[in-house]
$ cat query.txt   # compact mmCIF, C-alpha atoms and all ligand atoms
# COMPACT_ATOMS: atom_id res chain seq x y z
CA MET C 292 32.16 4.57 -1.01
CA GLN C 293 29.74 4.88 1.92
CA TYR C 294 30.73 3.39 5.28
CA ILE C 295 27.76 1.94 7.14
CA THR C 296 27.29 0.97 10.79
CA ILE C 297 24.41 -1.38 11.54
CA LEU C 298 23.12 -1.21 15.11
CA GLY C 299 21.17 -4.45 15.63
CA ALA C 300 22.72 -6.33 12.69
CA THR C 301 21.46 -9.76 13.82
CA GLY C 302 17.80 -8.69 13.90
CA SER C 303 15.20 -8.81 11.17
CA ILE C 304 15.99 -5.29 9.89
CA GLY C 305 19.74 -5.81 10.31
CA VAL C 306 19.72 -8.97 8.20
CA SER C 307 17.58 -7.29 5.50
CA THR C 308 20.00 -4.34 5.47
CA LEU C 309 22.99 -6.63 4.95
CA ASP C 310 21.10 -8.35 2.13
CA VAL C 311 20.72 -5.00 0.33
CA LEU C 312 24.32 -3.93 1.02
CA ALA C 313 25.64 -7.23 -0.34
CA ARG C 314 24.05 -6.39 -3.71
CA HIS C 315 26.13 -3.18 -4.01
CA PRO C 316 29.69 -3.85 -2.80
CA GLU C 317 31.03 -1.10 -5.06
CA GLN C 318 28.91 1.53 -3.24
CA TYR C 319 28.77 0.39 0.39
CA SER C 320 31.27 -0.94 2.87
CA VAL C 321 30.29 -2.18 6.34
CA TYR C 322 32.17 -0.20 9.01
CA ALA C 323 30.69 -1.84 12.11
CA LEU C 324 28.06 -4.36 13.20
CA SER C 325 26.36 -4.84 16.56
CA ALA C 326 24.36 -7.57 18.25
CA HIS C 327 23.25 -8.06 21.84
CA SER C 328 23.69 -11.77 22.59
CA LYS C 329 23.63 -13.63 19.26
CA VAL C 330 27.42 -13.95 19.11
CA ALA C 331 27.65 -16.83 16.62
CA GLU C 332 25.34 -15.02 14.17
CA LEU C 333 27.38 -11.85 14.49
CA ALA C 334 30.63 -13.76 13.92
CA ALA C 335 29.18 -15.24 10.71
CA GLN C 336 28.20 -11.75 9.53
CA CYS C 337 31.71 -10.49 10.32
CA LEU C 338 33.17 -13.30 8.28
CA GLN C 339 31.06 -12.33 5.27
CA PHE C 340 31.19 -8.50 5.52
CA ARG C 341 34.60 -7.88 7.16
CA PRO C 342 33.69 -4.81 9.25
CA GLN C 343 36.39 -2.90 11.12
CA ARG C 344 34.53 -3.11 14.43
CA ALA C 345 31.91 -5.29 16.15
CA VAL C 346 29.98 -4.63 19.37
CA VAL C 347 28.01 -6.96 21.66
CA GLY C 348 26.14 -6.61 24.97
CA THR C 349 28.54 -7.92 27.62
CA ALA C 350 32.22 -8.54 28.36
CA ALA C 351 31.60 -12.30 28.24
CA ALA C 352 29.94 -12.01 24.81
CA ALA C 353 32.85 -9.86 23.60
CA GLN C 354 35.35 -12.50 24.77
CA GLU C 355 33.42 -15.20 22.97
CA LEU C 356 33.18 -13.12 19.78
CA THR C 357 36.92 -12.39 19.87
CA ARG C 358 37.63 -16.10 20.21
CA LEU C 359 35.37 -16.95 17.24
CA LEU C 360 36.86 -14.21 15.06
CA ARG C 361 40.43 -15.27 15.87
CA GLY C 362 39.47 -18.80 14.85
CA HIS C 363 38.74 -17.38 11.41
CA GLY C 364 41.92 -15.28 11.41
CA LEU C 365 39.95 -12.02 11.53
CA ALA C 366 41.41 -9.00 13.34
CA ILE C 367 38.27 -7.00 14.09
CA GLU C 368 38.12 -4.58 17.02
CA VAL C 369 35.52 -5.94 19.45
CA GLY C 370 33.72 -3.83 22.05
CA TYR C 371 30.73 -4.17 24.35
CA GLY C 372 28.12 -2.02 26.05
CA VAL C 373 26.40 1.28 25.39
CA GLN C 374 29.53 3.43 25.02
CA ALA C 375 30.92 1.09 22.37
CA LEU C 376 27.59 1.31 20.50
CA CYS C 377 27.77 5.11 20.64
CA ASP C 378 31.36 4.96 19.36
CA ILE C 379 30.55 2.90 16.27
CA ALA C 380 27.55 5.17 15.58
CA SER C 381 29.61 8.35 15.69
CA ALA C 382 33.10 7.38 14.46
CA PRO C 383 34.48 9.90 11.94
CA GLN C 384 34.75 7.33 9.12
CA VAL C 385 31.02 6.47 9.28
CA THR C 386 28.67 7.96 6.69
CA GLY C 387 25.43 6.17 7.51
CA VAL C 388 23.99 4.45 10.58
CA MET C 389 21.17 1.93 10.41
CA ALA C 390 19.43 2.26 13.79
CA ALA C 391 17.83 -1.18 14.12
CA ILE C 392 18.17 -2.05 17.80
CA VAL C 393 14.75 -2.82 19.28
CA GLY C 394 13.32 -0.63 22.04
CA ALA C 395 14.70 2.02 24.36
CA ALA C 396 18.13 0.34 24.31
CA GLY C 397 18.64 1.96 20.91
CA LEU C 398 18.15 5.53 22.08
CA ALA C 399 21.72 6.37 23.18
CA PRO C 400 23.53 5.13 20.04
CA THR C 401 20.88 6.52 17.67
CA LEU C 402 21.15 9.88 19.38
CA ALA C 403 24.95 9.64 19.19
CA ALA C 404 24.66 9.17 15.40
CA ALA C 405 22.40 12.24 15.13
CA ARG C 406 24.74 14.33 17.32
CA ALA C 407 27.66 13.31 15.10
CA GLY C 408 25.76 14.59 12.05
CA LYS C 409 25.44 11.20 10.36
CA LYS C 410 22.91 9.96 7.86
CA VAL C 411 20.56 8.21 10.31
CA LEU C 412 18.39 5.44 8.88
CA LEU C 413 15.74 5.10 11.56
CA ALA C 414 14.04 1.75 12.12
CA ASN C 415 14.20 2.03 15.94
CA LYS C 416 10.93 3.98 16.30
CA GLU C 417 10.96 3.64 20.10
CA ALA C 418 14.01 5.95 20.27
CA LEU C 419 12.12 8.75 18.49
CA VAL C 420 8.86 8.12 20.38
CA MET C 421 10.74 8.52 23.67
CA SER C 422 12.82 11.54 22.85
CA GLY C 423 10.63 13.39 20.31
CA GLN C 424 11.59 17.05 19.94
CA LEU C 425 14.96 16.48 21.66
CA PHE C 426 15.90 13.99 18.95
CA MET C 427 14.64 16.21 16.13
CA ASP C 428 16.62 19.13 17.59
CA ALA C 429 19.80 17.00 17.70
CA VAL C 430 19.26 16.13 14.02
CA GLN C 431 18.79 19.74 13.02
CA GLU C 432 21.53 21.29 15.16
CA ASN C 433 24.13 18.82 13.91
CA HIS C 434 23.00 18.75 10.26
CA ALA C 435 22.27 15.04 10.42
CA VAL C 436 20.04 13.55 7.73
CA LEU C 437 17.14 11.54 9.15
CA LEU C 438 15.60 8.98 6.79
CA PRO C 439 12.70 6.76 7.86
CA ILE C 440 12.95 2.98 7.46
CA ASP C 441 9.56 2.11 8.93
CA SER C 442 7.64 1.20 5.76
CA GLU C 443 4.78 3.63 6.45
CA HIS C 444 7.05 6.57 7.16
CA ASN C 445 9.29 5.77 4.25
CA ALA C 446 6.16 5.73 2.07
CA ILE C 447 5.05 9.12 3.42
CA PHE C 448 8.57 10.48 2.93
CA GLN C 449 8.36 9.43 -0.71
CA CYS C 450 4.89 11.03 -1.12
CA LEU C 451 5.80 14.41 0.42
CA PRO C 452 7.18 17.25 -1.69
CA HIS C 453 10.99 17.57 -1.59
CA ASP C 454 10.92 20.96 0.11
CA PHE C 455 8.52 19.75 2.80
CA ALA C 456 11.06 19.96 5.64
CA ARG C 457 11.89 23.58 4.79
CA THR C 458 8.34 24.87 4.25
CA PRO C 459 5.85 22.41 5.74
CA ALA C 460 3.14 25.09 6.04
CA ALA C 461 3.20 25.84 2.33
CA SER C 462 3.15 22.22 1.24
CA GLY C 463 -0.65 21.82 1.05
CA VAL C 464 -0.69 18.59 3.07
CA ALA C 465 -4.16 17.97 4.54
CA LYS C 466 -3.68 14.60 6.17
CA ILE C 467 -1.23 11.76 6.64
CA VAL C 468 -2.85 8.33 6.30
CA LEU C 469 -0.94 5.49 7.96
CA THR C 470 -2.02 2.11 6.66
CA ALA C 471 -2.06 -0.91 8.97
CA SER C 472 -2.50 -4.59 8.16
CA GLY C 473 -4.50 -5.06 11.38
CA GLY C 474 -2.16 -7.87 12.45
CA PRO C 475 -3.07 -11.48 13.16
CA PHE C 476 -6.15 -10.70 15.28
CA LEU C 477 -8.06 -8.36 12.98
CA LYS C 478 -10.97 -10.78 12.62
CA ARG C 479 -10.63 -12.87 15.76
CA ALA C 480 -13.50 -12.69 18.32
CA VAL C 481 -12.54 -10.03 20.87
CA GLU C 482 -13.68 -12.31 23.75
CA SER C 483 -11.08 -14.90 22.75
CA LEU C 484 -8.12 -12.49 22.69
CA GLY C 485 -7.41 -13.11 26.38
CA ASN C 486 -6.21 -16.61 25.56
CA VAL C 487 -3.87 -16.04 22.64
CA THR C 488 -0.28 -17.30 22.96
CA PRO C 489 2.94 -15.43 22.13
CA ASP C 490 3.46 -17.64 19.09
CA GLU C 491 -0.02 -16.79 17.76
CA ALA C 492 0.61 -13.10 18.38
CA CYS C 493 3.95 -13.29 16.55
CA LYS C 494 2.47 -14.96 13.46
CA HIS C 495 1.99 -11.83 11.38
CA PRO C 496 -0.03 -12.30 8.18
CA LYS C 497 2.21 -10.09 5.99
CA TRP C 498 5.57 -9.36 7.61
CA VAL C 499 8.26 -11.48 9.29
CA MET C 500 9.69 -9.37 12.11
CA GLY C 501 11.29 -9.53 15.55
CA ARG C 502 9.04 -10.73 18.40
CA LYS C 503 8.58 -7.37 20.13
CA ILE C 504 7.31 -5.51 17.06
CA SER C 505 5.22 -8.56 16.13
CA VAL C 506 3.36 -8.38 19.45
CA ASP C 507 3.04 -4.60 18.97
CA SER C 508 1.43 -5.29 15.59
CA ALA C 509 -1.03 -7.70 17.18
CA THR C 510 -2.11 -5.10 19.80
CA MET C 511 -1.74 -2.31 17.21
CA MET C 512 0.51 -0.49 19.67
CA ASN C 513 2.92 -0.59 16.74
CA LYS C 514 0.57 1.67 14.78
CA GLY C 515 0.19 3.85 17.86
CA LEU C 516 3.97 4.24 18.11
CA GLU C 517 3.99 4.99 14.39
CA VAL C 518 1.42 7.77 14.83
CA ILE C 519 3.78 9.40 17.34
CA GLU C 520 6.75 8.70 15.03
CA ALA C 521 4.91 10.39 12.14
CA HIS C 522 4.12 13.39 14.33
CA TRP C 523 7.82 14.00 14.98
CA LEU C 524 9.14 13.11 11.54
CA PHE C 525 6.63 15.15 9.57
CA GLY C 526 5.49 17.77 12.09
CA ALA C 527 1.84 16.71 11.80
CA PRO C 528 -0.52 17.23 14.75
CA ALA C 529 -2.51 14.21 16.02
CA ASP C 530 -5.68 15.41 14.27
CA GLN C 531 -3.93 15.31 10.90
CA ILE C 532 -2.87 11.67 11.25
CA GLU C 533 -5.33 8.92 10.37
CA VAL C 534 -4.99 5.15 10.65
CA LEU C 535 -6.57 3.03 7.92
CA ILE C 536 -6.72 -0.77 8.00
CA HIS C 537 -5.50 -2.27 4.73
CA PRO C 538 -4.99 -6.05 5.14
CA GLN C 539 -3.04 -6.62 1.90
CA SER C 540 -0.15 -4.32 3.02
CA VAL C 541 0.47 -3.18 -0.56
CA ILE C 542 -0.17 0.53 -0.02
CA HIS C 543 2.40 1.41 2.63
CA SER C 544 0.86 4.81 3.48
CA MET C 545 -0.59 7.92 1.83
CA VAL C 546 -0.55 11.70 1.91
CA SER C 547 -3.78 13.66 1.24
CA TYR C 548 -3.41 17.20 -0.13
CA VAL C 549 -5.81 20.15 0.17
CA ASP C 550 -6.70 19.97 -3.53
CA GLY C 551 -8.13 16.47 -3.06
CA SER C 552 -5.10 14.60 -4.45
CA VAL C 553 -3.95 11.53 -2.55
CA LEU C 554 -0.42 10.22 -3.16
CA ALA C 555 0.41 6.66 -2.12
CA GLN C 556 3.51 4.48 -2.23
CA LEU C 557 2.92 0.84 -3.17
CA GLY C 558 5.13 -2.22 -3.17
CA ASN C 559 5.40 -5.81 -2.07
CA PRO C 560 5.62 -6.04 1.73
CA ASP C 561 9.39 -6.49 2.07
CA MET C 562 11.52 -4.20 4.26
CA ARG C 563 14.35 -4.26 1.74
CA THR C 564 12.41 -1.68 -0.31
CA PRO C 565 12.38 1.09 2.32
CA ILE C 566 15.91 0.10 3.39
CA ALA C 567 17.22 0.47 -0.18
CA ASN C 568 15.26 3.69 -0.61
CA ALA C 569 16.80 5.29 2.47
CA LEU C 570 20.31 3.94 1.84
CA ALA C 571 20.49 5.35 -1.69
CA TRP C 572 18.32 8.47 -1.27
CA PRO C 573 18.03 10.63 -3.34
CA GLN C 574 19.10 7.96 -5.86
CA ARG C 575 17.52 4.52 -6.20
CA ILE C 576 19.18 1.09 -6.12
CA ASP C 577 18.04 -2.49 -6.66
CA SER C 578 16.72 -3.97 -3.39
CA GLY C 579 16.20 -7.56 -4.53
CA VAL C 580 12.42 -7.16 -4.05
CA ALA C 581 10.24 -8.43 -6.91
CA GLN C 582 8.21 -5.86 -8.83
CA LEU C 583 4.64 -5.49 -7.57
CA ASP C 584 2.11 -7.38 -9.70
CA LEU C 585 -1.19 -5.59 -9.07
CA ALA C 586 -3.13 -7.90 -11.38
CA GLN C 587 -2.09 -10.76 -9.12
CA VAL C 588 -2.97 -8.80 -5.94
CA ALA C 589 -6.34 -8.07 -7.67
CA THR C 590 -8.09 -6.55 -4.63
CA LEU C 591 -7.11 -3.83 -2.20
CA GLN C 592 -9.37 -3.52 0.86
CA PHE C 593 -9.71 -0.81 3.47
CA GLU C 594 -11.61 -0.33 6.72
CA ARG C 595 -11.55 2.13 9.57
CA ALA C 596 -9.45 1.23 12.61
CA ASP C 597 -11.53 -0.06 15.53
CA PHE C 598 -10.29 1.62 18.71
CA THR C 599 -12.40 -0.72 20.90
CA ARG C 600 -10.76 -3.83 19.51
CA PHE C 601 -7.34 -2.14 19.66
CA PRO C 602 -7.29 0.06 22.80
CA CYS C 603 -3.50 0.47 22.56
CA LEU C 604 -4.05 2.63 19.50
CA ALA C 605 -6.28 4.94 21.52
CA LEU C 606 -3.72 5.04 24.36
CA ALA C 607 -1.00 6.13 21.92
CA PHE C 608 -3.15 8.95 20.52
CA ASP C 609 -3.89 9.99 24.15
CA ALA C 610 -0.16 10.04 24.96
CA LEU C 611 0.63 12.11 21.87
CA ARG C 612 -2.08 14.64 22.75
CA ALA C 613 -0.93 14.74 26.40
CA GLY C 614 2.61 15.63 25.26
CA GLY C 615 5.54 16.01 27.67
CA THR C 616 6.98 12.63 28.59
CA ALA C 617 3.68 10.75 28.10
CA PRO C 618 4.97 9.03 24.91
CA ALA C 619 8.07 7.88 26.83
CA LEU C 620 5.85 6.50 29.62
CA LEU C 621 3.66 4.73 27.06
CA ASN C 622 6.69 3.21 25.34
CA ALA C 623 8.37 2.05 28.56
CA ALA C 624 5.17 0.50 29.95
CA ASN C 625 4.56 -1.24 26.65
CA GLU C 626 8.10 -2.67 26.50
CA VAL C 627 7.73 -4.13 29.99
CA ALA C 628 4.23 -5.48 29.27
CA VAL C 629 5.22 -7.07 25.94
CA GLN C 630 8.21 -8.79 27.56
CA ALA C 631 5.94 -10.05 30.38
CA PHE C 632 3.51 -11.38 27.77
CA LEU C 633 6.32 -13.10 25.83
CA ASP C 634 7.55 -14.59 29.16
CA LEU C 635 4.01 -15.93 29.83
CA ARG C 636 3.66 -13.77 32.95
CA ILE C 637 0.58 -11.88 31.73
CA GLY C 638 -2.13 -12.40 29.14
CA PHE C 639 -2.48 -10.57 25.83
CA ARG C 640 -5.29 -8.24 26.99
CA GLN C 641 -3.27 -7.27 30.05
CA ILE C 642 -0.71 -5.47 27.89
CA GLU C 643 -3.19 -2.62 27.41
CA GLN C 644 -4.04 -2.68 31.14
CA VAL C 645 -0.39 -2.22 32.09
CA VAL C 646 0.05 0.68 29.69
CA ALA C 647 -3.19 2.37 30.81
CA HIS C 648 -2.20 1.92 34.47
CA VAL C 649 1.21 3.51 33.96
CA LEU C 650 -0.17 6.45 31.99
CA ALA C 651 -2.73 7.07 34.74
CA SER C 652 -0.39 6.61 37.71
CA VAL C 653 3.00 8.10 36.75
CA ALA C 654 2.90 11.89 36.62
CA ASN C 655 3.62 13.27 33.17
CA GLY C 656 6.63 15.59 33.14
CA ALA C 657 8.33 18.01 30.79
CA ALA C 658 10.61 16.40 28.18
CA SER C 659 13.24 19.02 28.94
CA SER C 660 16.33 16.83 28.55
CA ILE C 661 17.32 13.29 27.64
CA GLU C 662 18.08 12.70 31.33
CA ALA C 663 14.50 13.74 32.23
CA VAL C 664 13.12 11.37 29.60
CA LEU C 665 15.29 8.50 30.87
CA GLU C 666 14.13 9.15 34.43
CA GLN C 667 10.48 8.95 33.31
CA ASP C 668 11.33 5.76 31.41
CA ARG C 669 12.75 4.30 34.62
CA LEU C 670 9.71 5.32 36.70
CA ALA C 671 7.33 3.87 34.11
CA ARG C 672 9.19 0.56 34.02
CA ALA C 673 9.14 0.31 37.82
CA ALA C 674 5.40 1.12 37.91
CA ALA C 675 4.68 -1.43 35.20
CA GLN C 676 6.71 -4.16 36.94
CA ALA C 677 5.03 -3.44 40.28
CA TYR C 678 1.56 -3.53 38.71
CA ILE C 679 2.33 -6.83 36.98
CA GLY C 680 3.82 -8.34 40.14
CA ASP C 681 1.06 -7.16 42.52
CA ARG C 682 -2.03 -7.37 40.36
CA LEU C 683 -1.58 -9.45 37.27
CA ALA C 684 1.07 -12.17 37.39
CA ALA C 685 -0.24 -15.63 38.22
P1 LIG C 701 14.82 -7.96 16.24
O1 LIG C 701 14.34 -8.39 17.57
O2 LIG C 701 14.72 -8.92 15.10
O3 LIG C 701 16.35 -7.46 16.34
C1 LIG C 701 16.76 -6.59 17.34
C2 LIG C 701 18.25 -6.31 17.23
O4 LIG C 701 18.63 -5.50 18.34
C3 LIG C 701 19.12 -7.57 17.30
O5 LIG C 701 20.30 -7.36 16.58
C4 LIG C 701 19.42 -7.67 18.81
O6 LIG C 701 20.60 -8.41 19.09
C5 LIG C 701 19.59 -6.20 19.14
N1 LIG C 701 19.28 -5.92 20.56
C6 LIG C 701 18.24 -6.41 21.29
N2 LIG C 701 18.28 -5.91 22.55
C7 LIG C 701 19.37 -5.12 22.62
C8 LIG C 701 19.96 -4.34 23.66
N3 LIG C 701 19.43 -4.30 24.91
N4 LIG C 701 21.09 -3.65 23.39
C9 LIG C 701 21.63 -3.69 22.16
N5 LIG C 701 21.13 -4.41 21.13
C10 LIG C 701 20.00 -5.10 21.35
O7 LIG C 701 14.01 -6.61 15.90
P2 LIG C 701 13.57 -6.04 14.48
O8 LIG C 701 14.71 -6.09 13.52
O9 LIG C 701 12.28 -6.64 14.08
O10 LIG C 701 13.25 -4.52 14.86
C11 LIG C 701 14.29 -3.59 15.12
C12 LIG C 701 13.68 -2.20 15.19
O11 LIG C 701 13.14 -1.88 13.92
C13 LIG C 701 12.52 -2.08 16.19
O12 LIG C 701 12.55 -0.83 16.78
C14 LIG C 701 11.28 -2.21 15.31
O13 LIG C 701 10.18 -1.52 15.83
C15 LIG C 701 11.76 -1.55 14.02
N6 LIG C 701 11.07 -2.00 12.82
C16 LIG C 701 11.14 -3.30 12.43
C17 LIG C 701 10.47 -3.76 11.31
C18 LIG C 701 10.59 -5.17 10.85
O14 LIG C 701 10.09 -5.49 9.76
N7 LIG C 701 11.23 -6.05 11.58
C19 LIG C 701 9.63 -2.84 10.52
C20 LIG C 701 9.65 -1.48 10.99
C21 LIG C 701 10.34 -1.08 12.10
P3 LIG C 701 20.51 -10.03 19.33
O15 LIG C 701 20.12 -10.59 17.98
O16 LIG C 701 21.89 -10.41 19.72
O17 LIG C 701 19.49 -10.24 20.38
MG MG C 702 5.72 0.02 10.20

$ encode --input "query.txt" --output "C-alpha cells"
Amino acid sequence: MQYITILGATGSIGVSTLDVLARHPEQYSVYALSAHSKVAELAAQCLQFRPQRAVVGTAAAAQELTRLLRGHGLAIEVGYGVQALCDIASAPQVTGVMAAIVGAAGLAPTLAAARAGKKVLLANKEALVMSGQLFMDAVQENHAVLLPIDSEHNAIFQCLPHDFARTPAASGVAKIVLTASGGPFLKRAVESLGNVTPDEACKHPKWVMGRKISVDSATMMNKGLEVIEAHWLFGAPADQIEVLIHPQSVIHSMVSYVDGSVLAQLGNPDMRTPIANALAWPQRIDSGVAQLDLAQVATLQFERADFTRFPCLALAFDALRAGGTAPALLNAANEVAVQAFLDLRIGFRQIEQVVAHVLASVANGAASSIEAVLEQDRLARAAAQAYIGDRLAA
C-alpha cells in the first residue's frame, strides 16, 4: 500500500489525482489532503477518502473544517499554515507527495517532501523554477524520487532512456521539443489582445485548469516556465530546448536524438494520464482516460512559436540564460501580474510589461540558498506591485 499526501487537493490537479487514486483503492491510501480556503470542498473529499490529516490556510478555516468533519463523525487531525503543510509532506508514513499547490506558496512543502526523501510528483512547476539547482540538490542528497506531472515533462520523461539521470552525456539526446497548444489567443489579432478579459484568457481550447496556469497559457509564460522546468529536470541547456506550437495537444512533447530519431509521447489531453504514469512508475495503471483515436484526430499541425506575439516566452528564455535568481524574479513578477490581471487592475498586455520591468530593475543575485531565493522573490513582488500601483493601475 502506498500512502499519498496531496498538496492542493481541491485544485484541478488535486481533483484529477483523487480520481485516479479512487480507481485503485487496493494500491493507494490517502494519508493527507490540503486546501487553502475551499473548506467545504475539502470536507467532502475527506468524507470520501478518509485521510488521517487535513490542512488548510488559516486558523479560522481549520476551525470551520473541524466543525464540518465532526458533523460527519470524522476524527481527522486538522492543521493550518505552512508548517502543517511541510509536516504532511514529510511525515514518516508518507510514500508519495503530489505537489499541486499553485505558485510560490508550494515551495516550502514541496521542498520538505524532497528533503524527507519522498517520491515527489511535481505539478507545482513554480517551486522548481524558483529554486532550481537547490531543489535538485535536495532531491539527490536525500534520495528522493522526482517524477514530473506537467504533461510535457512527463512525456519527455517517458521518451528518455532509463539510465538518462545517471549518464546524461552518453544518452545521445540532441534536443528536447516542448509542444504548446498556443492557448486561446494563438490566432487572435495582436492589436486586440490589450482588451481581452480574464474569462476569455481562462477559456483554454484543450485543457481545463486553474485560473493562474490558464492565464499563463494565454501569455505562453506557462511554456516559458516549462522551458526552465525542463532545464532543471533534464539538465538541458537553453539552446537544446525548443518550443513547437501544436494546437491539437495530442503529442505532449518529444525528444530528438543525434541519430535523427525523434521519440514522442501521445495521448488525449487529460492530466490523469501523466498523474497515473507518475503514481505507478515504473509500472502502469488505468487512469480512466479513453484510448487515443488517431483516425478521429485525423490531423496533427505544427508551427514555430512566435516570440513577438508571446513576449513572455522570450523573457523566460532570457531569465534562464541569465541564471542566478532571474528565474525566481520572473516567476514572482508573473504571479503578481497575473493576479492583478485576474483582479482587473491591469490589462493582458501589461503582464509582460510588469515581468520585463522587474527583470530589468531588480538586481539578479546568486541562488546560494533558499533564503536568498525567497528574499529575491520578496523584492520582485514589491517591485511588481509598485510598478502596477504607480504606472499601470487605473
Ligand atoms: P488550482 O488553482 O486549480 O488549484 C490550486 C490548489 O492550491 C488548490 O487546492 C488551492 O486551494 C491551493 N492553494 C492555492 N493557494 C494556496 C496557498 N497560498 N497555500 C496553500 N495552498 C494554496 O491550480 P491547478 O491545479 O491548475 O495547478 C496546480 C499546479 O499544477 C500549478 O503549479 C500549475 O502550474 C500546475 N499544473 C497544472 C496543470 C493543470 O492541468 N491544471 C497542468 C500542469 C501543471 P483552494 O482550492 O482552497 O484555493
Ligand atoms: Mg504543461

$ closest_residue --input "query.txt" --among "C:Val518, C:Ala380, C:Val627, C:Met427" --to "Lys409 (chain C)" --atoms "only C-alpha atoms"
C:Ala380

$ atom_distance --input "query.txt" --atom1 "CA of Glu594 (chain C)" --atom2 "CA of Pro538 (chain C)"
8.9 Å

$ closest_residue --input "query.txt" --among "C:Leu621, C:Cys377, C:Ile642, C:Val534" --to "ligand LIG 701 (chain C)" --atoms "only C-alpha atoms and all ligand atoms"
C:Cys377

$ residues_around --input "query.txt" --residues "Ala527 (chain C)" --least-positions-apart "5" --cutoff "9 Å" --atoms "only C-alpha atoms" --output "ChimeraX atom specification"
/C:466-467,521-522,532

$ closest_residue --input "query.txt" --among "C:Tyr322, C:Phe525, C:Phe455, C:Trp498" --to "ligand MG 702 (chain C)" --atoms "all atoms listed in the file"
C:Trp498

$ closest_residue --input "query.txt" --among "C:Val369, C:Ile504, C:Leu356, C:Ile297" --to "ligand LIG 701 (chain C)" --atoms "all atoms listed in the file"
C:Ile504

$ residues_near_ligand --input "query.txt" --ligand "ligand MG 702 (chain C)" --cutoff "7 Å" --atoms "all atoms listed in the file" --output "VMD selection string"
chain C and resid 441 to 443 517

$ decode --input "query.txt" --residues "region 632-637 of chain C" --atoms "all heavy atoms" --output "PDB file, in the first residue's frame"
ATOM      1  N   PHE C 632      -4.057  41.043 -13.156  1.00  0.00           N
ATOM      2  CA  PHE C 632      -4.907  40.907 -14.352  1.00  0.00           C
ATOM      3  C   PHE C 632      -6.242  40.250 -13.982  1.00  0.00           C
ATOM      4  O   PHE C 632      -7.316  40.724 -14.382  1.00  0.00           O
ATOM      5  CB  PHE C 632      -4.173  40.097 -15.424  1.00  0.00           C
ATOM      6  CG  PHE C 632      -5.049  39.688 -16.575  1.00  0.00           C
ATOM      7  CD1 PHE C 632      -5.559  40.646 -17.449  1.00  0.00           C
ATOM      8  CD2 PHE C 632      -5.385  38.356 -16.778  1.00  0.00           C
ATOM      9  CE1 PHE C 632      -6.393  40.272 -18.506  1.00  0.00           C
ATOM     10  CE2 PHE C 632      -6.210  37.974 -17.827  1.00  0.00           C
ATOM     11  CZ  PHE C 632      -6.724  38.941 -18.688  1.00  0.00           C
ATOM     12  N   LEU C 633      -6.186  39.187 -13.179  1.00  0.00           N
ATOM     13  CA  LEU C 633      -7.426  38.496 -12.780  1.00  0.00           C
ATOM     14  C   LEU C 633      -8.313  39.419 -11.937  1.00  0.00           C
ATOM     15  O   LEU C 633      -9.537  39.321 -11.972  1.00  0.00           O
ATOM     16  CB  LEU C 633      -7.098  37.212 -11.998  1.00  0.00           C
ATOM     17  CG  LEU C 633      -6.531  36.052 -12.832  1.00  0.00           C
ATOM     18  CD1 LEU C 633      -6.057  34.914 -11.921  1.00  0.00           C
ATOM     19  CD2 LEU C 633      -7.566  35.520 -13.826  1.00  0.00           C
ATOM     20  N   ASP C 634      -7.667  40.340 -11.177  1.00  0.00           N
ATOM     21  CA  ASP C 634      -8.415  41.296 -10.343  1.00  0.00           C
ATOM     22  C   ASP C 634      -8.824  42.541 -11.132  1.00  0.00           C
ATOM     23  O   ASP C 634      -9.259  43.533 -10.524  1.00  0.00           O
ATOM     24  CB  ASP C 634      -7.561  41.730  -9.137  1.00  0.00           C
ATOM     25  CG  ASP C 634      -7.297  40.581  -8.173  1.00  0.00           C
ATOM     26  OD1 ASP C 634      -8.031  39.572  -8.247  1.00  0.00           O
ATOM     27  OD2 ASP C 634      -6.343  40.692  -7.373  1.00  0.00           O
ATOM     28  N   LEU C 635      -8.616  42.538 -12.425  1.00  0.00           N
ATOM     29  CA  LEU C 635      -8.977  43.656 -13.317  1.00  0.00           C
ATOM     30  C   LEU C 635      -8.209  44.934 -13.009  1.00  0.00           C
ATOM     31  O   LEU C 635      -8.685  46.033 -13.291  1.00  0.00           O
ATOM     32  CB  LEU C 635     -10.497  43.930 -13.262  1.00  0.00           C
ATOM     33  CG  LEU C 635     -11.402  42.740 -13.591  1.00  0.00           C
ATOM     34  CD1 LEU C 635     -12.869  43.106 -13.381  1.00  0.00           C
ATOM     35  CD2 LEU C 635     -11.193  42.276 -15.035  1.00  0.00           C
ATOM     36  N   ARG C 636      -7.012  44.797 -12.425  1.00  0.00           N
ATOM     37  CA  ARG C 636      -6.219  46.000 -12.132  1.00  0.00           C
ATOM     38  C   ARG C 636      -5.328  46.384 -13.311  1.00  0.00           C
ATOM     39  O   ARG C 636      -4.953  47.543 -13.447  1.00  0.00           O
ATOM     40  CB  ARG C 636      -5.351  45.780 -10.883  1.00  0.00           C
ATOM     41  CG  ARG C 636      -6.186  45.619  -9.610  1.00  0.00           C
ATOM     42  CD  ARG C 636      -5.291  45.347  -8.411  1.00  0.00           C
ATOM     43  NE  ARG C 636      -4.405  46.464  -8.140  1.00  0.00           N
ATOM     44  CZ  ARG C 636      -3.144  46.325  -7.703  1.00  0.00           C
ATOM     45  NH1 ARG C 636      -2.648  45.120  -7.512  1.00  0.00           N
ATOM     46  NH2 ARG C 636      -2.407  47.384  -7.470  1.00  0.00           N
ATOM     47  N   ILE C 637      -4.930  45.414 -14.117  1.00  0.00           N
ATOM     48  CA  ILE C 637      -4.113  45.709 -15.297  1.00  0.00           C
ATOM     49  C   ILE C 637      -4.664  44.924 -16.493  1.00  0.00           C
ATOM     50  O   ILE C 637      -5.432  43.975 -16.327  1.00  0.00           O
ATOM     51  CB  ILE C 637      -2.604  45.352 -15.104  1.00  0.00           C
ATOM     52  CG1 ILE C 637      -2.430  43.841 -14.902  1.00  0.00           C
ATOM     53  CG2 ILE C 637      -2.012  46.138 -13.949  1.00  0.00           C
ATOM     54  CD1 ILE C 637      -0.970  43.394 -14.897  1.00  0.00           C
TER      55      ILE C 637
END
